[in-house]
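Next up, protein02.txt (compact mmCIF, C-alpha atoms):
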```
# COMPACT_ATOMS: atom_id res chain seq x y z
CA MET Q 3 -11.42 -18.26 12.47
CA THR Q 4 -12.28 -14.57 12.73
CA ALA Q 5 -12.43 -12.57 9.53
CA ALA Q 6 -9.62 -10.06 9.06
CA THR Q 7 -10.49 -6.40 9.64
CA HIS Q 8 -9.36 -3.17 8.03
CA GLU Q 9 -6.99 -2.73 10.98
CA ASP Q 10 -5.46 -6.17 10.35
CA PHE Q 11 -4.63 -5.26 6.76
CA ILE Q 12 -3.32 -1.82 7.74
CA ASN Q 13 -1.10 -3.56 10.31
CA LEU Q 14 0.18 -5.85 7.55
CA ALA Q 15 1.04 -2.80 5.41
CA ILE Q 16 2.86 -1.28 8.40
CA GLU Q 17 4.82 -4.53 8.87
CA LEU Q 18 5.81 -4.47 5.20
CA ALA Q 19 7.00 -0.87 5.64
CA ARG Q 20 9.06 -1.88 8.67
CA ALA Q 21 10.59 -4.77 6.73
CA LYS Q 22 11.51 -2.39 3.91
CA VAL Q 23 13.25 -0.06 6.38
CA ALA Q 24 15.14 -3.05 7.84
CA GLU Q 25 16.41 -3.72 4.29
CA GLY Q 26 17.56 -0.12 3.98
CA GLY Q 27 14.57 1.03 1.93
CA LEU Q 28 11.87 3.64 2.29
CA PRO Q 29 9.19 3.22 4.98
CA TYR Q 30 6.22 2.28 2.83
CA GLY Q 31 4.14 -0.89 2.58
CA ALA Q 32 0.88 -1.88 0.89
CA VAL Q 33 -1.44 -4.80 0.22
CA VAL Q 34 -4.33 -5.41 -2.16
CA VAL Q 35 -7.17 -7.45 -0.69
CA LEU Q 36 -10.07 -9.24 -2.36
CA ASP Q 37 -12.76 -11.05 -0.37
CA GLY Q 38 -10.69 -10.83 2.81
CA LYS Q 39 -7.55 -12.33 1.25
CA VAL Q 40 -4.31 -10.61 0.25
CA ILE Q 41 -3.83 -11.01 -3.49
CA GLY Q 42 -0.82 -8.71 -3.83
CA ASP Q 43 1.65 -6.99 -1.55
CA SER Q 44 4.68 -4.75 -1.78
CA SER Q 45 7.22 -7.34 -0.60
CA LYS Q 46 8.13 -8.67 -4.06
CA ARG Q 47 9.58 -5.60 -5.70
CA ASN Q 48 10.86 -5.54 -9.27
CA PRO Q 49 14.52 -4.44 -9.13
CA THR Q 50 14.27 -2.98 -12.64
CA LEU Q 51 11.65 -0.41 -11.60
CA PRO Q 52 13.01 3.13 -11.53
CA ALA Q 53 12.71 4.87 -8.15
CA TYR Q 54 9.83 7.08 -9.30
CA LEU Q 55 7.73 3.95 -9.93
CA ASP Q 56 8.91 1.92 -6.96
CA HIS Q 57 5.99 2.91 -4.74
CA ALA Q 58 4.60 0.29 -2.36
CA GLU Q 59 1.06 0.68 -3.68
CA LEU Q 60 2.16 0.30 -7.31
CA VAL Q 61 4.16 -2.81 -6.47
CA ALA Q 62 1.22 -4.33 -4.55
CA ILE Q 63 -1.11 -3.54 -7.48
CA MET Q 64 1.30 -5.02 -10.03
CA ASN Q 65 1.71 -8.15 -7.91
CA ALA Q 66 -2.07 -8.48 -7.52
CA CYS Q 67 -2.56 -8.17 -11.29
CA ALA Q 68 0.23 -10.70 -11.88
CA ALA Q 69 -1.32 -13.14 -9.38
CA LEU Q 70 -4.67 -12.91 -11.17
CA LYS Q 71 -3.01 -12.81 -14.61
CA ALA Q 72 -5.11 -9.77 -15.47
CA PRO Q 73 -4.40 -6.13 -16.39
CA LYS Q 74 -7.31 -4.98 -14.21
CA LEU Q 75 -8.62 -6.18 -10.86
CA PRO Q 76 -12.11 -7.48 -10.14
CA ASN Q 77 -14.70 -5.41 -8.30
CA GLY Q 78 -14.27 -5.39 -4.55
CA CYS Q 79 -10.49 -5.07 -4.35
CA ILE Q 80 -9.30 -2.79 -1.54
CA LEU Q 81 -5.91 -1.11 -1.21
CA TYR Q 82 -4.32 -0.86 2.24
CA SER Q 83 -1.15 1.12 2.92
CA ASN Q 84 0.70 2.57 5.85
CA CYS Q 85 0.50 6.08 4.32
CA GLU Q 86 -2.09 7.82 2.18
CA SER Q 87 -1.37 7.24 -1.49
CA CYS Q 88 0.11 9.89 -3.74
CA ASP Q 89 -1.66 10.86 -6.96
CA LEU Q 90 0.38 8.36 -8.96
CA CYS Q 91 -0.66 5.45 -6.76
CA SER Q 92 -4.25 6.65 -6.34
CA SER Q 93 -4.57 6.98 -10.11
CA ALA Q 94 -3.09 3.52 -10.70
CA ALA Q 95 -5.46 2.04 -8.12
CA LYS Q 96 -8.44 3.70 -9.75
CA TRP Q 97 -7.27 2.63 -13.22
CA VAL Q 98 -7.09 -1.06 -12.27
CA GLY Q 99 -10.51 -0.97 -10.61
CA ILE Q 100 -9.78 -0.34 -6.93
CA THR Q 101 -12.37 2.04 -5.51
CA GLU Q 102 -11.51 1.95 -1.82
CA ALA Q 103 -8.32 2.62 0.13
CA HIS Q 104 -7.44 2.51 3.83
CA PHE Q 105 -4.26 3.89 5.42
CA ALA Q 106 -2.69 4.72 8.77
CA ILE Q 107 -1.03 8.08 8.05
CA ASN Q 108 -2.86 10.79 6.11
CA THR Q 109 -1.45 13.80 4.30
CA ASP Q 110 -1.76 16.05 7.37
CA ASP Q 111 0.26 13.49 9.36
CA ALA Q 112 2.83 13.44 6.53
CA LYS Q 113 3.22 17.21 6.75
CA ASP Q 114 3.57 16.97 10.54
CA ILE Q 115 6.46 14.50 10.28
CA GLY Q 116 8.28 16.54 7.67
CA HIS Q 117 7.21 15.04 4.35
CA HIS Q 118 6.55 18.22 2.36
CA ASP Q 119 5.97 16.96 -1.15
CA ASP Q 120 3.14 19.37 -1.90
CA MET Q 121 2.74 18.02 -5.42
CA PHE Q 122 1.25 14.91 -3.82
CA ILE Q 123 -0.22 16.27 -0.60
CA ASP Q 124 -2.57 19.16 -1.42
CA ARG Q 125 -4.83 17.49 -3.96
CA PRO Q 126 -8.42 16.36 -4.14
CA ALA Q 127 -8.92 12.68 -3.38
CA LYS Q 128 -10.39 10.46 -6.08
CA LEU Q 129 -10.78 7.30 -3.99
CA ASN Q 130 -13.10 6.60 -1.11
CA LEU Q 131 -10.37 7.41 1.40
CA ASN Q 132 -10.68 6.16 4.98
CA HIS Q 133 -8.20 7.39 7.57
CA HIS Q 134 -7.51 5.09 10.53
CA PRO Q 135 -5.51 7.33 12.91
CA ARG Q 136 -2.47 5.59 14.35
CA PRO Q 137 -0.52 8.01 16.56
CA ASP Q 138 1.95 5.25 17.44
CA HIS Q 139 2.81 4.70 13.79
CA LYS Q 140 2.97 8.44 13.18
CA THR Q 141 5.62 8.63 15.92
CA GLU Q 142 7.49 5.71 14.35
CA MET Q 143 7.41 7.39 10.95
CA LYS Q 144 8.57 10.71 12.43
CA ASP Q 145 11.50 8.92 14.07
CA TRP Q 146 12.46 7.41 10.71
CA TYR Q 147 12.25 10.81 8.98
CA ASP Q 148 14.26 12.45 11.77
CA LYS Q 149 17.01 9.83 11.40
CA ASN Q 150 17.05 9.53 7.63
CA TRP Q 151 15.71 12.62 5.91
CA ARG Q 152 16.65 15.51 8.16
CA PRO Q 153 20.04 17.19 8.04
CA ALA Q 154 22.22 16.77 11.12
CA THR Q 155 22.30 19.86 13.31
```

Structure translated into structure tokens:
Amino acid sequence: MTAATHEDFINLAIELARAKVAEGGLPYGAVVVLDGKVIGDSSKRNPTLPAYLDHAELVAIMNACAALKAPKLPNGCILYSNCESCDLCSSAAKWVGITEAHFAINTDDAKDIGHHDDMFIDRPAKLNLNHHPRPDHKTEMKDWYDKNWRPAT
């Protein structure tokens, strides 16, 4: 069996985002990986979380910590998401011990598709951030924003 790649885990995060949209949710997905295995993902959300904490990365991190029964994660954990993490999620990742993140859509892509939350976009990165450009997913995300977050004209 071939070892999973960064692209494989990014694709999994994208699939989780698509599943969330199919459920009527926001288009975000994330996984936490240790030694090539997913230890937490954003599919098992806590319905009691308020919206401002219901971020895919936070949910994946909480599920990873719950799976390991630990408040912090061991060295070597990597966060994968379909979009670059906001400060809240980046800070949580750093706090639990994640030092590396990979994502499909960066903050410039987010601006291009109409996500103008400057509080989260124009900030210095604290993680070792690695952008894996995915124009196809950027188009998919733009389509979602056009349908769901733009006023009808």

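Each of Q:Asp89, Q:Asp114, Q:His8, Q:Leu28 was compared to Asn132 of chain Q using all atoms listed in the file, and Q:His8 turns out to be the nearest.
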
Could you pull the residues within 7 Å of Gly99 of chain Q, counting only C-alpha atoms, minus those fewer than 6 positions along the same chain, as a PyMOL selection string?
chain Q and resi 74-77

Selection export as a compact mmCIF listing (two decimals), in the coordinates of the input, atoms kept: C-alpha atoms:
```txt
# COMPACT_ATOMS: atom_id res chain seq x y z
CA LYS Q 74 -7.31 -4.98 -14.21
CA LEU Q 75 -8.62 -6.18 -10.86
CA PRO Q 76 -12.11 -7.48 -10.14
CA ASN Q 77 -14.70 -5.41 -8.30
```

Nearest candidate to Met143 of chain Q (options Q:Val61, Q:Val35, Q:Val23, Q:Thr7; using all atoms listed in the file):
Q:Val23

Hey, which of Q:Glu142, Q:Asp10, Q:Glu102, Q:Asp111 ends up closest to Pro29 of chain Q? Count only C-alpha atoms.
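Of all the options, Q:Glu142 lies closest to Pro29 of chain Q.
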
Can you measure atom CA of Ala95 of chain Q to atom CA of Pro135 of chain Q for me? One decimal in Å is fine.
21.7 Å

Polymer residues at most 6 Å from segment 11-17 of chain Q, all atoms listed in the file, same-chain spacing of 4 or more positions, as a list in words
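Here the answer would be Gly31, Ala32, Tyr82, Ser83 and Asn84 of chain Q.
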
With only C-alpha atoms as the counted atoms, please give the residues lying no more than 12 Å from Val98 of chain Q, apart from itself and same-chain residues fewer than 3 positions off, as an NGL selection string.
:Q and (34 or 59-60 or 62-64 or 66-67 or 72-81 or 91-95 or 101-102)

Nearest to Arg20 of chain Q, chosen from Q:Trp97, Q:His134, Q:Thr4, Q:Trp146, with all atoms listed in the file counted in the distances
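Between Q:Trp97, Q:His134, Q:Thr4, Q:Trp146, the residue approaching Arg20 of chain Q most closely is Q:Trp146.
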
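Rounded to one decimal, atom CA of Cys85 of chain Q and atom CA of Ile107 of chain Q lie 4.5 Å from each other.
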
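Taking atom CA of Lys96 of chain Q and atom CA of Pro137 of chain Q as the two end points, the separation is 27.8 Å.
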
Choose the residue, out of Q:Lys140, Q:Ser45, Q:Leu90, Q:Asp37, that has the smallest atom-to-atom separation from Asp110 of chain Q; count all atoms listed in the file.
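Between Q:Lys140, Q:Ser45, Q:Leu90, Q:Asp37, the residue approaching Asp110 of chain Q most closely is Q:Lys140.
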
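Residue nearest Glu86 of chain Q within the list Q:Ala69, Q:Ile115, Q:Ala106, Q:Leu51: Q:Ala106 [criterion: smallest interatomic distance, all atoms listed in the file].
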
Your completed segment 53-70 of chain Q with N, CA and C atoms, as a PDB file, in the frame of the given file:
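For reference, result.pdb as written:
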```
ATOM      1  N   ALA Q  53      13.139   4.418  -9.469  1.00  0.00           N
ATOM      2  CA  ALA Q  53      12.710   4.870  -8.150  1.00  0.00           C
ATOM      3  C   ALA Q  53      11.352   5.575  -8.193  1.00  0.00           C
ATOM      4  N   TYR Q  54      11.083   6.346  -9.246  1.00  0.00           N
ATOM      5  CA  TYR Q  54       9.830   7.080  -9.300  1.00  0.00           C
ATOM      6  C   TYR Q  54       8.616   6.171  -9.489  1.00  0.00           C
ATOM      7  N   LEU Q  55       8.833   4.913  -9.830  1.00  0.00           N
ATOM      8  CA  LEU Q  55       7.730   3.950  -9.930  1.00  0.00           C
ATOM      9  C   LEU Q  55       7.741   2.917  -8.814  1.00  0.00           C
ATOM     10  N   ASP Q  56       8.772   2.918  -8.011  1.00  0.00           N
ATOM     11  CA  ASP Q  56       8.910   1.920  -6.960  1.00  0.00           C
ATOM     12  C   ASP Q  56       8.161   2.360  -5.697  1.00  0.00           C
ATOM     13  N   HIS Q  57       6.865   2.553  -5.855  1.00  0.00           N
ATOM     14  CA  HIS Q  57       5.990   2.910  -4.740  1.00  0.00           C
ATOM     15  C   HIS Q  57       5.323   1.626  -4.244  1.00  0.00           C
ATOM     16  N   ALA Q  58       5.168   1.510  -2.942  1.00  0.00           N
ATOM     17  CA  ALA Q  58       4.600   0.290  -2.360  1.00  0.00           C
ATOM     18  C   ALA Q  58       3.247  -0.054  -2.968  1.00  0.00           C
ATOM     19  N   GLU Q  59       2.390   0.949  -3.131  1.00  0.00           N
ATOM     20  CA  GLU Q  59       1.060   0.680  -3.680  1.00  0.00           C
ATOM     21  C   GLU Q  59       1.137   0.163  -5.109  1.00  0.00           C
ATOM     22  N   LEU Q  60       2.019   0.761  -5.926  1.00  0.00           N
ATOM     23  CA  LEU Q  60       2.160   0.300  -7.310  1.00  0.00           C
ATOM     24  C   LEU Q  60       2.652  -1.138  -7.361  1.00  0.00           C
ATOM     25  N   VAL Q  61       3.616  -1.450  -6.500  1.00  0.00           N
ATOM     26  CA  VAL Q  61       4.160  -2.810  -6.470  1.00  0.00           C
ATOM     27  C   VAL Q  61       3.077  -3.795  -6.039  1.00  0.00           C
ATOM     28  N   ALA Q  62       2.309  -3.448  -5.009  1.00  0.00           N
ATOM     29  CA  ALA Q  62       1.220  -4.330  -4.550  1.00  0.00           C
ATOM     30  C   ALA Q  62       0.184  -4.527  -5.659  1.00  0.00           C
ATOM     31  N   ILE Q  63      -0.145  -3.455  -6.373  1.00  0.00           N
ATOM     32  CA  ILE Q  63      -1.110  -3.540  -7.480  1.00  0.00           C
ATOM     33  C   ILE Q  63      -0.561  -4.419  -8.598  1.00  0.00           C
ATOM     34  N   MET Q  64       0.703  -4.201  -8.979  1.00  0.00           N
ATOM     35  CA  MET Q  64       1.300  -5.020 -10.030  1.00  0.00           C
ATOM     36  C   MET Q  64       1.338  -6.493  -9.635  1.00  0.00           C
ATOM     37  N   ASN Q  65       1.669  -6.765  -8.375  1.00  0.00           N
ATOM     38  CA  ASN Q  65       1.710  -8.150  -7.910  1.00  0.00           C
ATOM     39  C   ASN Q  65       0.316  -8.773  -7.866  1.00  0.00           C
ATOM     40  N   ALA Q  66      -0.697  -7.976  -7.509  1.00  0.00           N
ATOM     41  CA  ALA Q  66      -2.070  -8.480  -7.520  1.00  0.00           C
ATOM     42  C   ALA Q  66      -2.505  -8.812  -8.952  1.00  0.00           C
ATOM     43  N   CYS Q  67      -2.213  -7.908  -9.886  1.00  0.00           N
ATOM     44  CA  CYS Q  67      -2.560  -8.170 -11.290  1.00  0.00           C
ATOM     45  C   CYS Q  67      -1.822  -9.394 -11.813  1.00  0.00           C
ATOM     46  N   ALA Q  68      -0.545  -9.535 -11.446  1.00  0.00           N
ATOM     47  CA  ALA Q  68       0.230 -10.700 -11.880  1.00  0.00           C
ATOM     48  C   ALA Q  68      -0.355 -11.990 -11.291  1.00  0.00           C
ATOM     49  N   ALA Q  69      -0.758 -11.946 -10.028  1.00  0.00           N
ATOM     50  CA  ALA Q  69      -1.320 -13.140  -9.380  1.00  0.00           C
ATOM     51  C   ALA Q  69      -2.615 -13.573 -10.061  1.00  0.00           C
ATOM     52  N   LEU Q  70      -3.400 -12.595 -10.505  1.00  0.00           N
ATOM     53  CA  LEU Q  70      -4.670 -12.910 -11.170  1.00  0.00           C
ATOM     54  C   LEU Q  70      -4.502 -13.025 -12.681  1.00  0.00           C
TER      55      LEU Q  70
END
```
